[in-house]
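Structure file entry_30.txt with compact mmCIF, C-alpha atoms:
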```txt
# COMPACT_ATOMS: atom_id res chain seq x y z
CA MET A 157 -19.53 21.46 -1.47
CA PRO A 158 -17.04 19.45 0.59
CA ILE A 159 -19.75 16.94 1.57
CA ASN A 160 -20.70 16.12 -2.03
CA LYS A 161 -17.05 15.66 -2.90
CA LEU A 162 -16.53 13.54 0.20
CA LEU A 163 -19.42 11.23 -0.73
CA LYS A 164 -17.93 10.65 -4.18
CA GLN A 165 -14.54 9.99 -2.63
CA ILE A 166 -16.04 7.48 -0.19
CA ALA A 167 -17.76 5.67 -3.07
CA PHE A 168 -14.34 5.34 -4.73
CA ILE A 169 -12.71 4.19 -1.47
CA LYS A 170 -15.28 1.41 -1.12
CA GLU A 171 -15.01 0.36 -4.76
CA ILE A 172 -11.23 -0.10 -4.68
CA ASP A 173 -11.56 -2.51 -1.74
CA LYS A 174 -12.14 -5.08 -4.50
CA ILE A 175 -8.50 -5.24 -5.51
CA LYS A 176 -7.92 -7.24 -2.31
CA TYR A 177 -9.64 -10.14 -4.09
CA ILE A 178 -7.54 -9.99 -7.25
CA GLN A 179 -4.96 -12.75 -7.07
CA ARG A 180 -1.65 -12.43 -8.87
CA ARG A 181 0.37 -15.41 -10.14
CA SER A 182 3.30 -14.59 -7.86
CA LYS A 183 3.42 -15.93 -4.35
CA LEU A 184 4.53 -14.35 -1.10
CA PHE A 185 8.18 -14.85 -0.14
CA ASN A 186 8.93 -18.48 0.77
CA SER A 187 5.25 -19.25 0.61
CA GLU A 188 2.55 -21.14 -1.24
CA ARG A 189 0.01 -18.34 -0.95
CA ARG A 190 -0.54 -16.12 -3.99
CA GLU A 191 -0.34 -12.39 -3.46
CA ASN A 192 -3.25 -10.05 -4.11
CA ASP A 193 -3.09 -6.68 -5.82
CA ALA A 194 -3.42 -4.62 -2.62
CA GLU A 195 -0.52 -6.44 -0.95
CA HIS A 196 1.59 -6.09 -4.09
CA SER A 197 0.83 -2.37 -4.42
CA TRP A 198 1.73 -1.76 -0.79
CA HIS A 199 4.99 -3.64 -1.08
CA ILE A 200 6.24 -1.88 -4.21
CA ALA A 201 5.34 1.51 -2.73
CA VAL A 202 7.54 0.81 0.31
CA MET A 203 10.24 -0.50 -2.05
CA ALA A 204 10.16 2.78 -3.97
CA ILE A 205 10.68 4.75 -0.73
CA VAL A 206 13.61 2.55 0.26
CA LEU A 207 15.24 2.18 -3.18
CA ALA A 208 14.69 5.68 -4.62
CA GLU A 209 18.39 6.51 -4.40
CA HIS A 210 19.16 3.82 -7.01
CA SER A 211 17.08 5.45 -9.72
CA ASN A 212 19.11 6.25 -12.85
CA LYS A 213 17.67 9.75 -12.99
CA PRO A 214 16.18 12.12 -10.40
CA ILE A 215 12.56 11.26 -9.72
CA ASN A 216 9.54 12.83 -8.06
CA ILE A 217 8.96 10.22 -5.38
CA LEU A 218 5.46 11.49 -4.55
CA LYS A 219 4.40 10.96 -8.17
CA VAL A 220 6.03 7.51 -8.18
CA LEU A 221 4.13 6.54 -5.01
CA LYS A 222 0.84 7.68 -6.48
CA MET A 223 1.54 5.62 -9.62
CA LEU A 224 2.38 2.49 -7.67
CA LEU A 225 -0.55 2.78 -5.26
CA ILE A 226 -3.15 3.16 -8.00
CA HIS A 227 -1.64 1.28 -10.98
CA ASP A 228 -3.56 -1.96 -10.41
CA ILE A 229 -6.99 -0.48 -9.63
CA VAL A 230 -8.07 -0.99 -13.26
CA GLU A 231 -7.74 -4.75 -12.71
CA ILE A 232 -11.01 -4.64 -10.73
CA ASP A 233 -12.72 -4.61 -14.13
CA ALA A 234 -9.96 -5.82 -16.48
CA GLY A 235 -8.44 -8.60 -14.35
CA ASP A 236 -4.77 -9.40 -13.78
CA THR A 237 -2.77 -10.43 -16.86
CA PHE A 238 0.22 -12.68 -16.16
CA VAL A 239 3.37 -10.73 -17.01
CA TYR A 240 4.76 -13.78 -18.87
CA SER A 241 1.52 -14.43 -20.75
CA THR A 242 2.10 -15.27 -24.42
CA THR A 243 -1.52 -14.85 -25.42
CA LYS A 244 -2.45 -11.46 -23.99
CA SER A 245 -0.61 -8.17 -23.85
CA HIS A 246 0.10 -7.02 -20.32
CA SER A 247 -0.23 -3.31 -20.77
CA ASN A 248 -2.62 -0.60 -21.70
CA THR A 249 -5.41 -2.52 -23.32
CA GLU A 250 -8.63 -0.86 -24.35
CA GLU A 251 -10.27 -2.82 -21.53
CA GLU A 252 -8.04 -1.18 -18.94
CA LEU A 253 -8.75 2.30 -20.23
CA ILE A 254 -12.49 1.73 -19.95
CA ALA A 255 -11.92 0.43 -16.41
CA ALA A 256 -9.84 3.50 -15.50
CA LYS A 257 -12.57 5.82 -16.71
CA ARG A 258 -15.28 3.98 -14.79
CA ILE A 259 -13.43 3.55 -11.49
CA PHE A 260 -11.51 6.83 -11.23
CA GLY A 261 -14.67 8.41 -12.63
CA LEU A 262 -16.36 7.78 -9.28
CA LEU A 263 -14.22 10.62 -7.89
CA PRO A 264 -14.88 14.36 -8.26
CA GLU A 265 -14.02 15.37 -11.83
CA GLU A 266 -10.70 17.15 -11.26
CA GLN A 267 -9.39 14.30 -9.14
CA ALA A 268 -10.52 11.67 -11.64
CA LYS A 269 -8.64 13.49 -14.38
CA GLU A 270 -5.49 13.73 -12.28
CA LEU A 271 -5.44 10.04 -11.36
CA ILE A 272 -6.25 8.86 -14.90
CA ALA A 273 -3.35 10.99 -16.17
CA ILE A 274 -1.00 9.47 -13.56
CA TRP A 275 -2.17 5.97 -14.45
CA GLU A 276 -1.62 6.67 -18.19
CA GLU A 277 1.84 8.07 -17.51
CA PHE A 278 2.72 4.86 -15.67
CA GLU A 279 1.35 2.64 -18.44
CA GLU A 280 3.24 4.52 -21.16
CA GLY A 281 6.47 4.13 -19.19
CA ILE A 282 8.23 7.04 -20.89
CA THR A 283 8.92 9.54 -18.10
CA GLU A 284 11.66 8.94 -15.52
CA ASP A 285 9.02 8.60 -12.79
CA ALA A 286 7.18 5.93 -14.79
CA LYS A 287 10.40 4.06 -15.61
CA PHE A 288 11.39 3.87 -11.96
CA ALA A 289 7.85 2.92 -10.92
CA LYS A 290 7.82 0.12 -13.49
CA SER A 291 11.17 -1.16 -12.27
CA MET A 292 9.63 -1.56 -8.79
CA ASP A 293 6.61 -3.34 -10.28
CA ARG A 294 8.96 -5.87 -11.93
CA PHE A 295 11.52 -6.18 -9.14
CA GLU A 296 9.14 -7.43 -6.43
CA PRO A 297 7.99 -10.59 -8.31
CA LEU A 298 11.58 -11.23 -9.39
CA LEU A 299 12.67 -11.26 -5.73
CA GLN A 300 9.69 -13.50 -4.93
CA ASP A 301 10.46 -15.94 -7.74
CA VAL A 302 14.08 -16.18 -6.58
CA ALA A 303 12.98 -16.72 -2.95
CA ASN A 304 10.58 -19.44 -4.13
CA ASP A 305 13.14 -21.52 -6.07
CA GLY A 306 12.01 -20.28 -9.45
CA GLY A 307 8.42 -19.61 -8.43
CA THR A 308 6.17 -18.74 -11.36
CA TRP A 309 9.02 -19.36 -13.83
CA MET A 310 9.12 -23.03 -12.89
CA GLU A 311 5.39 -23.37 -12.34
CA PHE A 312 4.48 -22.04 -15.77
CA ASN A 313 7.63 -23.16 -17.68
CA VAL A 314 8.67 -19.65 -18.63
CA PRO A 315 11.82 -19.78 -20.83
CA PHE A 316 14.93 -17.97 -19.55
CA GLN A 317 14.96 -15.56 -22.47
CA GLN A 318 11.44 -14.39 -21.67
CA VAL A 319 12.28 -13.88 -17.99
CA TYR A 320 15.31 -11.90 -19.10
CA ASP A 321 13.36 -9.76 -21.58
CA VAL A 322 10.59 -8.92 -19.12
CA ASN A 323 13.03 -8.03 -16.36
CA LYS A 324 15.25 -5.91 -18.59
CA GLU A 325 12.63 -3.26 -17.83
CA ILE A 326 14.18 -2.92 -14.38
CA LYS A 327 17.37 -1.55 -15.91
CA LYS A 328 15.50 1.36 -17.48
CA GLY A 329 14.64 2.51 -13.96
CA SER A 330 17.82 1.48 -12.19
CA GLU A 331 21.14 0.17 -13.49
CA THR A 332 22.26 -0.67 -9.94
CA ILE A 333 19.30 -2.93 -9.24
CA MET B 168 28.99 1.14 -1.83
CA PRO B 169 25.59 1.03 -3.60
CA ILE B 170 25.66 -2.80 -3.64
CA ASN B 171 26.12 -3.13 0.13
CA LYS B 172 23.31 -0.69 0.70
CA LEU B 173 21.14 -2.50 -1.81
CA LEU B 174 21.67 -5.84 -0.06
CA LYS B 175 20.55 -4.35 3.26
CA GLN B 176 17.54 -2.80 1.58
CA ILE B 177 16.59 -6.14 0.00
CA ALA B 178 16.84 -7.85 3.40
CA PHE B 179 14.36 -5.26 4.72
CA ILE B 180 12.06 -5.70 1.70
CA LYS B 181 11.92 -9.45 2.30
CA GLU B 182 11.36 -9.08 6.04
CA ILE B 183 8.37 -6.76 5.69
CA ASP B 184 6.59 -9.33 3.49
CA LYS B 185 5.50 -10.79 6.84
CA ILE B 186 2.91 -8.09 7.48
CA LYS B 187 0.79 -9.81 4.83
CA TYR B 188 0.16 -12.53 7.43
CA ILE B 189 -0.90 -10.18 10.22
CA GLN B 190 -4.67 -10.29 10.46
CA ARG B 191 -6.61 -7.33 11.80
CA ARG B 192 -9.99 -7.58 13.53
CA SER B 193 -11.72 -5.55 10.83
CA LYS B 194 -13.09 -7.24 7.76
CA LEU B 195 -13.12 -6.19 4.11
CA PHE B 196 -16.13 -4.21 2.94
CA ASN B 197 -19.30 -6.34 2.88
CA SER B 198 -17.24 -9.40 3.61
CA GLU B 199 -16.46 -12.11 6.13
CA ARG B 200 -12.72 -12.07 5.43
CA ARG B 201 -10.47 -10.22 7.88
CA GLU B 202 -8.07 -7.71 6.42
CA ASN B 203 -4.30 -8.01 6.76
CA ASP B 204 -1.88 -5.21 7.57
CA ALA B 205 -0.54 -4.85 4.01
CA GLU B 206 -4.03 -4.45 2.56
CA HIS B 207 -4.96 -1.97 5.29
CA SER B 208 -1.79 0.08 4.76
CA TRP B 209 -2.37 0.22 1.01
CA HIS B 210 -5.98 1.30 1.45
CA ILE B 211 -5.31 4.13 3.88
CA ALA B 212 -2.45 5.42 1.71
CA VAL B 213 -4.82 5.73 -1.27
CA MET B 214 -7.39 7.32 1.05
CA ALA B 215 -4.85 9.95 2.10
CA ILE B 216 -4.18 10.83 -1.55
CA VAL B 217 -7.88 11.15 -2.26
CA LEU B 218 -8.94 12.90 0.97
CA ALA B 219 -5.95 15.21 1.56
CA GLU B 220 -8.02 18.31 0.76
CA HIS B 221 -10.18 17.68 3.85
CA SER B 222 -7.29 18.00 6.27
CA ASN B 223 -7.85 20.70 8.90
CA LYS B 224 -4.37 22.11 8.30
CA PRO B 225 -1.93 22.02 5.37
CA ILE B 226 -0.03 18.73 5.30
CA ASN B 227 3.04 17.27 3.63
CA ILE B 228 1.33 14.45 1.74
CA LEU B 229 4.61 12.66 0.99
CA LYS B 230 5.37 12.45 4.72
CA VAL B 231 1.81 11.28 5.41
CA LEU B 232 2.14 8.51 2.79
CA LYS B 233 5.42 7.34 4.27
CA MET B 234 3.81 7.22 7.73
CA LEU B 235 0.84 5.22 6.53
CA LEU B 236 2.86 2.78 4.44
CA ILE B 237 5.26 1.89 7.25
CA HIS B 238 3.18 2.41 10.42
CA ASP B 239 2.22 -1.24 10.88
CA ILE B 240 5.59 -2.83 10.13
CA VAL B 241 6.37 -3.04 13.87
CA GLU B 242 3.47 -5.47 14.21
CA ILE B 243 5.65 -8.16 12.62
CA ASP B 244 7.23 -8.51 16.07
CA ALA B 245 4.69 -6.81 18.33
CA GLY B 246 1.43 -8.14 16.80
CA ASP B 247 -1.78 -6.26 16.10
CA THR B 248 -3.59 -4.82 19.10
CA PHE B 249 -7.34 -4.41 18.67
CA VAL B 250 -8.13 -0.70 18.69
CA TYR B 251 -11.05 -1.32 21.08
CA SER B 252 -9.03 -3.56 23.40
CA THR B 253 -9.66 -2.82 27.07
CA THR B 254 -6.68 -4.83 28.32
CA LYS B 255 -3.81 -3.55 26.21
CA SER B 256 -2.82 -0.08 25.08
CA HIS B 257 -2.90 0.32 21.33
CA SER B 258 -0.05 2.71 20.90
CA ASN B 259 3.65 3.11 21.35
CA THR B 260 4.46 0.26 23.69
CA GLU B 261 8.02 -0.63 24.59
CA GLU B 262 7.53 -3.78 22.52
CA GLU B 263 6.81 -1.76 19.40
CA LEU B 264 9.88 0.40 19.86
CA ILE B 265 12.11 -2.66 20.09
CA ALA B 266 10.43 -4.00 16.95
CA ALA B 267 10.99 -0.72 15.11
CA LYS B 268 14.68 -0.76 15.98
CA ARG B 269 15.12 -4.35 14.83
CA ILE B 270 13.16 -4.17 11.59
CA PHE B 271 14.07 -0.68 10.34
CA GLY B 272 17.57 -1.50 11.62
CA LEU B 273 17.96 -3.92 8.71
CA LEU B 274 18.29 -0.86 6.46
CA PRO B 275 21.40 1.28 5.98
CA GLU B 276 21.87 3.46 9.08
CA GLU B 277 20.71 6.82 7.75
CA GLN B 278 17.59 5.30 6.25
CA ALA B 279 16.80 3.37 9.43
CA LYS B 280 17.00 6.58 11.44
CA GLU B 281 14.73 8.42 9.02
CA LEU B 282 12.02 5.75 9.05
CA ILE B 283 12.13 5.26 12.82
CA ALA B 284 11.70 9.03 13.22
CA ILE B 285 8.73 9.01 10.84
CA TRP B 286 7.18 6.06 12.70
CA GLU B 287 7.65 7.83 16.06
CA GLU B 288 6.12 11.02 14.70
CA PHE B 289 3.08 9.02 13.63
CA GLU B 290 2.78 7.25 16.99
CA GLU B 291 3.03 10.51 18.94
CA GLY B 292 0.29 12.01 16.80
CA ILE B 293 1.23 15.61 17.55
CA THR B 294 2.19 17.11 14.18
CA GLU B 295 -0.42 17.97 11.54
CA ASP B 296 0.94 15.23 9.28
CA ALA B 297 0.57 12.64 12.05
CA LYS B 298 -2.92 13.84 12.98
CA PHE B 299 -4.14 13.50 9.41
CA ALA B 300 -2.40 10.13 9.00
CA LYS B 301 -4.07 8.87 12.18
CA SER B 302 -7.45 10.04 10.97
CA MET B 303 -7.00 7.85 7.86
CA ASP B 304 -5.96 4.91 10.05
CA ARG B 305 -9.22 5.24 11.99
CA PHE B 306 -11.54 6.14 9.15
CA GLU B 307 -11.00 2.97 7.08
CA PRO B 308 -12.20 0.52 9.78
CA LEU B 309 -15.07 2.86 10.63
CA LEU B 310 -16.24 2.69 6.99
CA GLN B 311 -15.79 -1.09 7.07
CA ASP B 312 -17.74 -1.50 10.30
CA VAL B 313 -20.57 0.57 8.88
CA ALA B 314 -20.54 -1.45 5.62
CA ASN B 315 -20.63 -4.67 7.67
CA ASP B 316 -23.71 -3.80 9.78
CA GLY B 317 -21.67 -2.91 12.82
CA GLY B 318 -18.77 -5.25 12.07
CA THR B 319 -16.27 -5.49 14.92
CA TRP B 320 -18.49 -3.30 17.15
CA MET B 321 -21.22 -5.93 17.13
CA GLU B 322 -18.87 -8.92 17.08
CA PHE B 323 -16.94 -7.80 20.16
CA ASN B 324 -19.75 -5.89 21.92
CA VAL B 325 -17.95 -2.58 21.88
CA PRO B 326 -20.02 0.09 23.68
CA PHE B 327 -21.10 3.16 21.70
CA GLN B 328 -19.13 5.51 23.93
CA GLN B 329 -15.92 3.64 23.23
CA VAL B 330 -16.52 3.67 19.47
CA TYR B 331 -17.18 7.39 19.74
CA ASP B 332 -14.05 8.06 21.81
CA VAL B 333 -11.74 6.11 19.52
CA ASN B 334 -13.14 7.71 16.39
CA LYS B 335 -13.01 11.23 17.80
CA GLU B 336 -9.37 11.02 16.66
CA ILE B 337 -10.60 11.47 13.11
CA LYS B 338 -11.75 14.98 13.93
CA LYS B 339 -8.23 16.02 14.91
CA GLY B 340 -7.18 15.33 11.32
CA SER B 341 -10.33 16.43 9.56
CA GLU B 342 -13.45 18.19 10.79
CA THR B 343 -15.20 17.54 7.46
CA ILE B 344 -14.76 13.79 7.66
```
Give the structure from the file, written as structure tokens.
Amino acid sequence: MPINKLLKQIAFIKEIDKIKYIQRRSKLFNSERRENDAEHSWHIAVMAIVLAEHSNKPINILKVLKMLLIHDIVEIDAGDTFVYSTTKSHSNTEEELIAAKRIFGLLPEEQAKELIAIWEEFEEGITEDAKFAKSMDRFEPLLQDVANDGGTWMEFNVPFQQVYDVNKEIKKGSETI
Amino acid sequence: MPINKLLKQIAFIKEIDKIKYIQRRSKLFNSERRENDAEHSWHIAVMAIVLAEHSNKPINILKVLKMLLIHDIVEIDAGDTFVYSTTKSHSNTEEELIAAKRIFGLLPEEQAKELIAIWEEFEEGITEDAKFAKSMDRFEPLLQDVANDGGTWMEFNVPFQQVYDVNKEIKKGSETI
């Protein structure tokens, strides 16, 4: 039943429009405007295309793109957690898993399963694809913070050591970067 | 020289941040806020992942994603042209080609060539990948206009026949949709 499947897919497409309202802490380059999750996801997907050659290990770029394009969809329900937050863990909370099941669950069953598995692989950060994808997710705000004279680091008084620890993640995906 | 290449790639990554300021005519779903090019590009890339099975012909989804993620970058220099404009052609103007050469030209040479070729393939709309990509580019604003009680069609008094003609493009990529 292609039409039934299509209707479920359209319901999902409409639902994910909401990530355009989810504001991140980071701001656009040389700007005072905060970035939203859709803009961020687009940017890191293009970065992955352009920077793929710097990955430490061979990667499946199609898988990486899927990860980056969908990784923030759970924030529609769970909200954005500041990467330098000291009170809340950034990754893989129970709340996000419930969100993943609800939102990807709007899709036909097989597709929901596939995208939840890709999202979980990204969150776990163990495979080479996930490591490279995560390095893109960290590298964009780092470039933004540098372009904005310290950006969120200055605004929220993030200590150097914490910036360093968070961004060490980039190295797992790419030594060159 | 990975570092030299990386510096060129970073210059490109910073430059394309500007598409987040390019406002389209279409608005977000059930909303008064106009969408920007980064949000639009993200949305149609996810749509392609989810709707790929409805393509009339087999497609290379990685190529389609690259097309959709980069197709609007030329608008940094050339601006967005309203798809229902009666005074200006929407596609492949001389202005856009110059923009493509300048912006993709920030990248290392081989990469610039590859992305310009992908952008041109999209603009020409002849290959199966380009046809499906174009159907995604049209289908998102159609869904938005429907969700917004006529949206841009009502706001700019676009005649039914013109809406029909523009959206016929979708059929070239997918009969089901």
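Closest approach to chain B from the set A:Glu276, A:Thr332, A:Glu231, A:Asp305 is made by A:Thr332, with distances taken over only C-alpha atoms.
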Using only C-alpha atoms, find all polymer residues with an atom at most 12 Å away from the point (3.0, -5.3, -2.3); report them as a PyMOL selection string.
(chain A and resi 175-176+179-180+182-185+190-204+224-228+292-297+299-300) or (chain B and resi 180-181+183-187+203-210+236)
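Atom CA of B:Leu229 to atom CA of A:Ile205 spans 10.1 Å [interatomic distance, one decimal].
With distances taken over all atoms listed in the file, A:Gln165 is the one residue among A:Ser330, A:Gln318, A:Gln165, A:Asn186 lying closest to B:Leu218.
Using only C-alpha atoms for every distance, the candidate list A:Ala268, A:Ile159, A:Val230, A:Ala167 yields A:Val230 as the residue closest to A:Ala255.
Here atom CA of A:Trp309 is placed at a distance of 11.8 Å from atom CA of A:Val322.
Atom to atom, atom CA of B:Lys175 and atom CA of B:Glu276 stand 9.8 Å apart.
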Can you tell me, as a ChimeraX atom specification, what residues are no more than 12 Å from A:Lys257 when counting only C-alpha atoms, ignoring any on the same chain fewer than 6 positions away?
/A:229-230,233-234,250-251,263,265,267-273,275-276
Using only C-alpha atoms, which residue out of B:Val330, B:Ile285, B:Ile243, B:Ala297 lies closest to B:Ile265?
B:Ile243
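Compared by their closest atoms to B:Lys230, and using all atoms listed in the file, the residues B:Phe289, B:Phe179, B:Phe271, B:Phe327 rank with B:Phe289 nearest.
Taking only C-alpha atoms into account, chain B lies nearest to A:Glu209 out of the set A:Glu277, A:Glu209, A:Asp236, A:Glu284.
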